[in-house]
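Engineer: One file: my_file29.txt (compact mmCIF, C-alpha atoms (C1' of nucleotides)).
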```txt
# COMPACT_ATOMS: atom_id res chain seq x y z
CA MET A 9 7.24 6.16 1.00
CA HIS A 10 4.83 3.68 2.54
CA PRO A 11 1.86 4.85 4.47
CA GLU A 12 2.67 5.23 8.13
CA LEU A 13 1.64 2.20 10.06
CA ASP A 14 2.23 2.24 13.74
CA SER A 15 2.49 -0.74 15.98
CA PHE A 16 -1.29 -0.85 16.53
CA ASP A 17 -1.91 -0.99 12.82
CA ARG A 18 0.58 -3.77 12.42
CA LYS A 19 -0.93 -5.81 15.20
CA LEU A 20 -4.32 -5.37 13.64
CA LEU A 21 -2.97 -6.45 10.28
CA ALA A 22 -1.56 -9.58 11.80
CA GLU A 23 -4.87 -10.45 13.42
CA VAL A 24 -7.01 -9.70 10.47
CA GLN A 25 -4.84 -11.61 8.03
CA ARG A 26 -5.35 -14.68 10.16
CA ASP A 27 -9.05 -14.20 10.76
CA ALA A 28 -11.03 -11.38 9.30
CA HIS A 29 -14.19 -12.37 11.15
CA THR A 30 -13.00 -11.36 14.54
CA PRO A 31 -15.30 -8.57 15.67
CA GLN A 32 -13.73 -5.21 16.16
CA ASN A 33 -14.40 -5.07 19.87
CA GLU A 34 -12.53 -8.35 20.31
CA LEU A 35 -9.69 -6.98 18.21
CA GLY A 36 -9.80 -4.01 20.50
CA VAL A 37 -9.14 -6.01 23.61
CA ARG A 38 -6.36 -7.93 21.89
CA VAL A 39 -4.43 -4.90 20.73
CA ASN A 40 -5.54 -2.67 23.54
CA LEU A 41 -7.66 -0.15 21.70
CA SER A 42 -11.28 0.90 21.71
CA THR A 43 -13.68 -0.57 19.20
CA ALA A 44 -14.00 2.78 17.46
CA ALA A 45 -10.26 3.14 17.09
CA VAL A 46 -10.02 -0.33 15.63
CA ASN A 47 -12.78 0.55 13.21
CA ARG A 48 -11.10 3.73 12.08
CA ARG A 49 -7.74 2.11 11.63
CA LEU A 50 -9.07 -0.79 9.61
CA ARG A 51 -11.04 1.54 7.40
CA ARG A 52 -8.02 3.72 6.87
CA MET A 53 -5.84 0.78 5.91
CA ALA A 54 -8.47 -0.37 3.45
CA GLU A 55 -8.57 3.09 1.91
CA LEU A 56 -4.81 3.23 1.69
CA GLY A 57 -4.84 -0.09 -0.08
CA VAL A 58 -2.74 -1.70 2.60
CA ILE A 59 -5.66 -4.04 3.04
CA ASP A 60 -6.42 -4.90 -0.53
CA ARG A 61 -9.62 -6.80 0.15
CA TYR A 62 -11.33 -9.36 2.32
CA ALA A 63 -11.75 -12.84 0.95
CA ALA A 64 -13.11 -16.21 1.89
CA ILE A 65 -10.41 -18.85 1.63
CA VAL A 66 -11.82 -22.01 0.13
CA ALA A 67 -10.29 -25.44 0.69
CA PRO A 68 -9.69 -26.66 -2.86
CA GLU A 69 -9.88 -30.35 -2.04
CA LYS A 70 -13.33 -29.88 -0.57
CA VAL A 71 -14.64 -28.71 -3.90
CA GLY A 72 -12.94 -31.31 -6.02
CA TYR A 73 -9.74 -29.49 -6.88
CA SER A 74 -7.33 -31.80 -5.16
CA LEU A 75 -4.30 -31.42 -7.37
CA THR A 76 -1.89 -28.54 -7.10
CA ILE A 77 0.67 -28.19 -9.83
CA ILE A 78 3.48 -25.75 -10.37
CA THR A 79 4.41 -25.15 -13.96
CA MET A 80 7.52 -23.37 -15.17
CA VAL A 81 7.31 -21.77 -18.59
CA GLU A 82 9.96 -20.54 -20.94
CA VAL A 83 8.87 -18.27 -23.76
CA GLU A 84 10.06 -17.96 -27.31
CA SER A 85 10.00 -14.19 -27.60
CA GLU A 86 10.26 -11.63 -24.85
CA GLN A 87 8.65 -8.89 -26.86
CA ILE A 88 6.46 -6.75 -24.68
CA ASP A 89 3.19 -7.29 -26.46
CA GLN A 90 3.77 -11.01 -26.66
CA LEU A 91 4.52 -11.12 -22.98
CA ASP A 92 1.52 -9.01 -22.11
CA ALA A 93 -0.72 -11.28 -24.11
CA MET A 94 0.60 -14.28 -22.21
CA LYS A 95 0.19 -12.58 -18.89
CA ARG A 96 -3.40 -11.81 -19.76
CA THR A 97 -4.05 -15.37 -20.84
CA PHE A 98 -2.64 -16.79 -17.65
CA ALA A 99 -4.35 -14.24 -15.44
CA GLN A 100 -7.73 -14.91 -17.00
CA CYS A 101 -7.64 -18.66 -16.57
CA PRO A 102 -9.55 -19.63 -13.43
CA LEU A 103 -7.37 -22.67 -12.91
CA VAL A 104 -4.34 -20.41 -12.58
CA GLN A 105 -4.19 -19.41 -8.95
CA GLN A 106 -0.96 -17.53 -9.23
CA CYS A 107 1.35 -16.37 -11.98
CA TYR A 108 4.77 -14.83 -11.50
CA TYR A 109 6.89 -13.35 -14.25
CA LEU A 110 10.48 -14.24 -13.55
CA ALA A 111 14.02 -13.16 -14.22
CA GLY A 112 16.35 -15.89 -15.42
CA GLU A 113 16.10 -19.31 -16.96
CA TRP A 114 12.33 -19.60 -16.66
CA ASP A 115 10.01 -16.80 -17.59
CA PHE A 116 6.87 -17.75 -15.72
CA ALA A 117 5.96 -19.77 -12.69
CA LEU A 118 2.32 -20.77 -12.43
CA VAL A 119 0.52 -22.27 -9.49
CA LEU A 120 -2.42 -24.28 -10.76
CA THR A 121 -5.34 -25.98 -9.08
CA VAL A 122 -6.95 -28.77 -11.02
CA LYS A 123 -9.28 -31.67 -10.33
CA ASP A 124 -7.01 -34.35 -11.74
CA MET A 125 -4.30 -35.08 -14.25
CA ASP A 126 -6.77 -35.27 -17.08
CA GLN A 127 -7.79 -31.74 -16.46
CA TYR A 128 -4.17 -30.68 -16.27
CA ASN A 129 -3.47 -32.38 -19.55
CA GLU A 130 -6.23 -30.50 -21.19
CA LEU A 131 -5.12 -27.26 -19.64
CA THR A 132 -1.66 -27.94 -20.93
CA ARG A 133 -2.97 -28.06 -24.49
CA GLN A 134 -4.96 -24.93 -24.02
CA LEU A 135 -2.30 -22.83 -22.36
CA PHE A 136 0.99 -24.17 -23.66
CA PHE A 137 0.83 -26.42 -26.69
CA SER A 138 -1.52 -24.20 -28.59
CA ASN A 139 0.48 -21.09 -27.70
CA ASN A 140 3.36 -20.71 -30.10
CA ASN A 141 5.19 -18.32 -27.85
CA VAL A 142 5.76 -21.12 -25.35
CA LYS A 143 9.15 -22.64 -25.99
CA ARG A 144 8.99 -25.29 -23.29
CA PHE A 145 7.43 -25.90 -19.94
CA LYS A 146 8.07 -28.10 -16.98
CA THR A 147 5.51 -29.64 -14.68
CA LEU A 148 6.09 -29.99 -10.97
CA VAL A 149 3.47 -31.93 -9.07
CA SER A 150 2.75 -30.95 -5.50
CA MET A 151 2.41 -33.83 -3.08
CA ASP A 152 1.79 -31.65 -0.05
CA ARG A 153 0.64 -28.09 0.29
CA VAL A 154 2.81 -27.57 3.32
CA LYS A 155 1.93 -23.93 3.72
CA VAL A 156 -0.50 -21.95 1.65
CA GLY A 157 -1.40 -18.37 2.17
CA LEU A 158 -0.91 -14.79 1.17
CA GLY A 159 0.12 -13.65 4.59
CA VAL A 160 2.51 -10.72 4.63
CA PRO A 161 4.79 -10.48 7.61
CA VAL A 162 4.27 -7.53 9.87
CA ASP A 163 7.12 -6.33 11.94
CA LEU A 164 5.60 -6.22 15.36
CA ASP A 165 8.64 -4.53 16.76
CA GLU A 166 10.37 -1.54 15.10
CA MET B 26 -17.13 -37.83 -1.10
CA HIS B 27 -17.28 -34.06 -1.17
CA PRO B 28 -20.03 -32.29 0.63
CA GLU B 29 -22.95 -31.59 -1.66
CA LEU B 30 -22.81 -28.11 -2.99
CA ASP B 31 -25.63 -27.04 -5.18
CA SER B 32 -25.57 -24.22 -7.65
CA PHE B 33 -26.55 -21.65 -5.00
CA ASP B 34 -23.63 -22.66 -2.85
CA ARG B 35 -21.24 -22.40 -5.74
CA LYS B 36 -22.44 -18.99 -6.71
CA LEU B 37 -22.04 -17.87 -3.14
CA LEU B 38 -18.52 -19.28 -3.04
CA ALA B 39 -17.59 -17.37 -6.15
CA GLU B 40 -18.90 -14.14 -4.69
CA VAL B 41 -17.38 -14.53 -1.32
CA GLN B 42 -13.97 -15.50 -2.63
CA ARG B 43 -13.88 -12.25 -4.49
CA ASP B 44 -15.24 -10.10 -1.71
CA ALA B 45 -16.09 -11.42 1.68
CA HIS B 46 -17.48 -8.10 2.84
CA THR B 47 -20.54 -8.14 0.66
CA PRO B 48 -23.49 -8.15 3.04
CA GLN B 49 -25.64 -11.23 3.01
CA ASN B 50 -28.72 -9.42 1.82
CA GLU B 51 -26.81 -8.16 -1.20
CA LEU B 52 -25.54 -11.69 -1.81
CA GLY B 53 -29.15 -12.75 -1.58
CA VAL B 54 -30.29 -10.53 -4.40
CA ARG B 55 -27.34 -11.61 -6.52
CA VAL B 56 -27.98 -15.31 -6.22
CA ASN B 57 -31.72 -15.03 -5.73
CA LEU B 58 -32.13 -16.21 -2.20
CA SER B 59 -33.32 -14.66 1.05
CA THR B 60 -30.80 -13.23 3.46
CA ALA B 61 -31.51 -16.02 5.92
CA ALA B 62 -30.85 -18.70 3.35
CA VAL B 63 -27.57 -17.06 2.41
CA ASN B 64 -26.63 -16.95 6.05
CA ARG B 65 -27.42 -20.62 6.61
CA ARG B 66 -25.52 -21.71 3.52
CA LEU B 67 -22.41 -19.71 4.33
CA ARG B 68 -22.38 -21.02 7.86
CA ARG B 69 -22.84 -24.58 6.69
CA MET B 70 -19.94 -24.26 4.26
CA ALA B 71 -17.77 -22.86 7.00
CA GLU B 72 -18.68 -25.80 9.23
CA LEU B 73 -17.96 -28.28 6.47
CA GLY B 74 -14.59 -26.67 5.99
CA VAL B 75 -15.36 -25.74 2.41
CA ILE B 76 -14.77 -22.20 3.53
CA ASP B 77 -11.59 -22.57 5.49
CA ARG B 78 -11.53 -19.05 6.86
CA TYR B 79 -11.96 -15.40 6.10
CA ALA B 80 -8.86 -13.31 5.68
CA ALA B 81 -7.76 -9.81 4.90
CA ILE B 82 -5.49 -9.73 1.88
CA VAL B 83 -2.64 -7.33 2.45
CA ALA B 84 -0.70 -5.68 -0.38
CA PRO B 85 2.90 -6.64 0.40
CA GLU B 86 4.49 -3.65 -1.33
CA LYS B 87 2.45 -1.31 0.83
CA VAL B 88 4.11 -2.65 3.93
CA GLY B 89 7.63 -2.75 2.59
CA TYR B 90 7.75 -6.29 1.31
CA SER B 91 8.26 -5.50 -2.32
CA LEU B 92 10.27 -8.49 -3.41
CA THR B 93 8.73 -11.83 -4.23
CA ILE B 94 11.06 -14.74 -4.70
CA ILE B 95 10.48 -18.34 -5.61
CA THR B 96 13.04 -20.76 -4.32
CA MET B 97 13.40 -24.36 -5.38
CA VAL B 98 15.03 -26.68 -2.88
CA GLU B 99 16.55 -30.10 -3.24
CA VAL B 100 17.13 -32.09 -0.10
CA GLU B 101 19.88 -34.47 0.87
CA SER B 102 17.78 -37.11 2.59
CA GLU B 103 14.13 -37.88 2.06
CA GLN B 104 13.72 -39.56 5.41
CA ILE B 105 10.33 -38.81 6.85
CA ASP B 106 11.46 -37.15 10.02
CA GLN B 107 14.01 -35.07 8.18
CA LEU B 108 11.36 -33.97 5.73
CA ASP B 109 8.88 -33.22 8.46
CA ALA B 110 11.43 -31.12 10.24
CA MET B 111 12.04 -29.12 7.11
CA LYS B 112 8.37 -28.69 6.46
CA ARG B 113 7.94 -27.36 9.93
CA THR B 114 10.85 -24.98 9.56
CA PHE B 115 9.51 -23.60 6.32
CA ALA B 116 5.94 -23.38 7.55
CA GLN B 117 6.96 -21.48 10.63
CA CYS B 118 8.95 -18.83 8.86
CA PRO B 119 6.80 -15.74 8.38
CA LEU B 120 8.66 -14.79 5.21
CA VAL B 121 7.54 -18.04 3.63
CA GLN B 122 4.15 -17.36 2.13
CA GLN B 123 3.78 -20.73 0.55
CA CYS B 124 5.57 -24.04 0.60
CA TYR B 125 4.87 -27.01 -1.66
CA TYR B 126 6.44 -30.42 -1.32
CA LEU B 127 7.08 -31.74 -4.78
CA ALA B 128 7.56 -34.91 -6.74
CA GLY B 129 10.56 -34.97 -9.02
CA GLU B 130 13.79 -33.12 -9.46
CA TRP B 131 13.10 -30.48 -6.85
CA ASP B 132 11.68 -31.32 -3.45
CA PHE B 133 10.27 -28.00 -2.34
CA ALA B 134 9.03 -24.86 -3.96
CA LEU B 135 8.81 -21.84 -1.70
CA VAL B 136 7.15 -18.54 -2.37
CA LEU B 137 8.85 -15.88 -0.30
CA THR B 138 8.08 -12.26 0.44
CA VAL B 139 11.00 -10.14 1.49
CA LYS B 140 11.86 -6.48 1.78
CA ASP B 141 14.96 -6.62 -0.35
CA MET B 142 17.83 -8.78 -1.45
CA ASP B 143 19.68 -8.28 1.77
CA GLN B 144 16.86 -9.80 3.67
CA TYR B 145 16.71 -12.67 1.20
CA ASN B 146 20.38 -13.24 1.62
CA GLU B 147 20.02 -13.47 5.31
CA LEU B 148 17.02 -15.75 4.99
CA THR B 149 19.06 -17.93 2.69
CA ARG B 150 21.62 -18.47 5.42
CA GLN B 151 19.02 -19.20 7.98
CA LEU B 152 16.91 -21.59 5.95
CA PHE B 153 19.31 -23.23 3.53
CA PHE B 154 22.99 -22.80 4.27
CA SER B 155 22.67 -23.64 7.89
CA ASN B 156 20.43 -26.60 7.17
CA ASN B 157 22.55 -29.59 6.29
CA ASN B 158 19.68 -31.44 4.74
CA VAL B 159 19.57 -28.90 1.93
CA LYS B 160 21.60 -30.22 -0.97
CA ARG B 161 21.12 -27.23 -3.25
CA PHE B 162 18.64 -24.50 -3.98
CA LYS B 163 17.82 -22.22 -6.83
CA THR B 164 16.55 -18.68 -6.61
CA LEU B 165 14.00 -17.29 -9.03
CA VAL B 166 13.27 -13.61 -8.73
CA SER B 167 9.80 -12.40 -9.57
CA MET B 168 9.64 -9.24 -11.64
CA ASP B 169 5.86 -9.14 -11.79
CA ARG B 170 3.20 -10.72 -9.64
CA VAL B 171 0.93 -11.18 -12.61
CA LYS B 172 -1.78 -12.94 -10.65
CA VAL B 173 -1.83 -13.65 -6.98
CA GLY B 174 -4.61 -15.32 -5.14
CA LEU B 175 -5.95 -18.46 -3.56
CA GLY B 176 -9.15 -18.50 -5.54
CA VAL B 177 -10.55 -21.92 -6.25
CA PRO B 178 -12.64 -22.29 -9.37
CA VAL B 179 -16.28 -23.09 -8.85
CA ASP B 180 -18.13 -24.82 -11.59
CA LEU B 181 -21.13 -22.62 -12.00
CA ASP B 182 -22.74 -25.08 -14.34
CA GLU B 183 -22.93 -28.85 -13.64
C1' DT C 22 -13.44 7.68 24.20
C1' DC C 23 -18.32 7.32 24.73
C1' DT C 24 -22.99 6.99 23.02
C1' DG C 25 -26.39 5.85 19.88
C1' DA C 26 -28.21 4.95 15.30
C1' DA C 27 -27.98 2.02 11.30
C1' DA C 28 -26.69 -2.23 9.41
C1' DA C 29 -25.75 -6.97 9.46
C1' DT C 30 -26.03 -11.43 11.52
C1' DG C 31 -28.24 -15.31 13.21
C1' DG C 32 -32.20 -17.73 15.46
C1' DA C 33 -37.30 -19.03 16.00
C1' DC C 34 -40.99 -20.29 13.70
C1' DC C 35 -43.99 -21.24 10.05
C1' DT C 36 -44.66 -22.77 5.15
C1' DT C 37 -43.60 -25.36 0.99
C1' DT C 38 -41.83 -29.27 -1.54
C1' DA D 4 -37.39 -34.41 6.52
C1' DA D 5 -35.17 -30.68 4.11
C1' DA D 6 -34.88 -26.12 2.74
C1' DG D 7 -37.01 -21.50 1.99
C1' DG D 8 -39.14 -17.31 3.75
C1' DT D 9 -40.56 -13.82 7.29
C1' DC D 10 -39.95 -11.64 11.38
C1' DC D 11 -37.49 -10.52 15.50
C1' DA D 12 -33.52 -10.33 18.85
C1' DT D 13 -28.77 -9.71 19.13
C1' DT D 14 -24.39 -8.30 17.61
C1' DT D 15 -21.47 -5.48 14.99
C1' DT D 16 -20.23 -1.49 12.56
C1' DC D 17 -19.57 3.17 12.21
C1' DA D 18 -20.36 8.26 12.72
C1' DG D 19 -21.02 12.40 15.74
C1' DA D 20 -20.35 14.67 19.92
```
How would this structure read if it were set down as C-alpha cells?
Structural biologist:
Amino acid sequence: MHPELDSFDRKLLAEVQRDAHTPQNELGVRVNLSTAAVNRRLRRMAELGVIDRYAAIVAPEKVGYSLTIITMVEVESEQIDQLDAMKRTFAQCPLVQQCYYLAGEWDFALVLTVKDMDQYNELTRQLFFSNNNVKRFKTLVSMDRVKVGLGVPVDLDE
Amino acid sequence: MHPELDSFDRKLLAEVQRDAHTPQNELGVRVNLSTAAVNRRLRRMAELGVIDRYAAIVAPEKVGYSLTIITMVEVESEQIDQLDAMKRTFAQCPLVQQCYYLAGEWDFALVLTVKDMDQYNELTRQLFFSNNNVKRFKTLVSMDRVKVGLGVPVDLDE
DNA sequence: TCTGAAAATGGACCTTT
DNA sequence: AAAGGTCCATTTTCAGA
C-alpha cells in the first residue's frame, strides 16, 4: 500500500523534517550511510511524494501577523457543489493557513493568521457574513501557539 | 518593531515558502536581483528569525498517518504550573502536530495525526483520560485536509 | 561505495547611491 | 554607511563507474 520505507528512510525523514538544510554528508554520518545513498533516498522519497516539498517556515509574528485564530464554521447546505465552492474560497485566501472539513457538529475548522482583530473582523465579513451558505461560526482566539508544525511521526522502530 | 523587510525580501519570502529548493540564481531572476544579493537577504532573514527554519513537508498519508483529528480540550484548573505541564505534554507528543492555547470556552485545540481510530483511542487514554487536569474533550474528525500549511502571507505591495 | 563533474552557496572586493 | 554587482573559493549535490 504505502511505498516501502526502511529504517534509514525513516531516520532521514525525521532529520529532514526538523531541518532540511543539513547537508547530505552530515545526514550520512547521522544515519550511518554514505552521502550518495542519502542523496538517492531523499530523491526517491521526493519522487514518491513522501516528501511533498521543501519549504521555508516563516515566523508570523516577525512579519506582523501576530494573531492566530481558529474559526469553526457550520454550513447551511451540504450539497457537494456548495461545499466545493466553500473549500475553494477558504483554500484561496492567503490568511487561511489551514482548513479542515469535518464530520459532526461543525463543518469546517480554519486556522487563520492575521495582523490584528481589525483584520480578522474584515476577514469575517469577507468569508462568513457575505457567504450565505455559512449558518454560523465561532471564533477561538489563540493566546499561545504551543506547538506549530506539520511534522509527521516516523516510527523509528518497526 | 519588526525587522525592516523591503519588497525584495517579501518577494523572496513568498517564493521560498512555496519552494525552498529553488536555487538562488533562479530566485534572483524572479525578483530581479543578483545571486549574491539573494544569498545575503536570505541569510539575513534567517538570522533575524524571520525565516525560522527550512523543513521537508511530508505527506502523512504516504507514511501511514491517514487520519487527521482536531481535539478540543477543557481543563480543570488554569493554574500556571498545571497549564505549563499540559503544554509540555502536548508539545512532546509526536502525534500532536499542533497545539494552541485558547481564550474562551475551550482551553486547547490540538491537531493530531494518527494512523487510525485505534491509535487515536489509545492516545486519548494517554493524553486525556489519564490526565486529571482534563475536564472534558471533544473529538472532531477531519474528512478532508482542504488546505494544510504554515504559509504566512507577505504583503507584496506596501 | 568511490570519484569526479556540475551546480549552488557564500565570501572578498569593488562600485554605486 | 548601506546595499548591489562581479568574480572566485568552497561546499554540496548528484551521476557514472
Engineer: Using all atoms listed in the file, determine which residues of chain B fall within 10 Å of chain D; present them as a ChimeraX atom specification.
Structural biologist: /B:58-62
Engineer: When the cut-off is 8 Å and we count only C-alpha atoms (C1' of nucleotides), which residues of chain C are near chain B, given as a list in words?
Structural biologist: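 So the contacting residues turn out to be DA29, DT30 and DG31 of chain C.
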Engineer: Could you write out as JSON, numbers by chain the residues of chain A within 7 Å of chain B, counting all atoms listed in the file?
Structural biologist: {"A": [10, 24, 25, 26, 27, 28, 29, 57, 58, 59, 60, 61, 62, 63, 64, 65, 66, 67, 68, 70, 71, 95, 99, 102, 103, 105, 106, 107, 108, 109, 110, 111, 112, 148, 149, 150, 151, 152, 153, 154, 155, 156, 157, 158, 159, 160, 161]}
Engineer: Would you pick out the contacts of Val56 in chain B at 9 Å or less, using only C-alpha atoms (C1' of nucleotides), so that residues sharing its chain but fewer than 2 positions from it are not included, and give the list as a VMD selection string?
Structural biologist: chain B and resid 33 36 to 37 51 to 54 58 63
Engineer: Could you check how far CA of Ile88 in chain A sits from CA of Asp141 in chain B, in Å to one decimal?
Structural biologist: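 These two atoms are separated by 25.8 Å.
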Engineer: Figure out the distance between CA of Leu164 in chain A and CA of Met97 in chain B, please, to one decimal in Å.
Structural biologist: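 Those two atoms sit 28.6 Å apart.
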Engineer: Please determine, counting only C-alpha atoms, which residue among A:Thr97, A:Ser85, A:Thr79, A:Gln127 has the shortest atom-to-atom distance to Phe145 in chain A.
Structural biologist: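 Among A:Thr97, A:Ser85, A:Thr79, A:Gln127, it is A:Thr79 that comes nearest to Phe145 in chain A.
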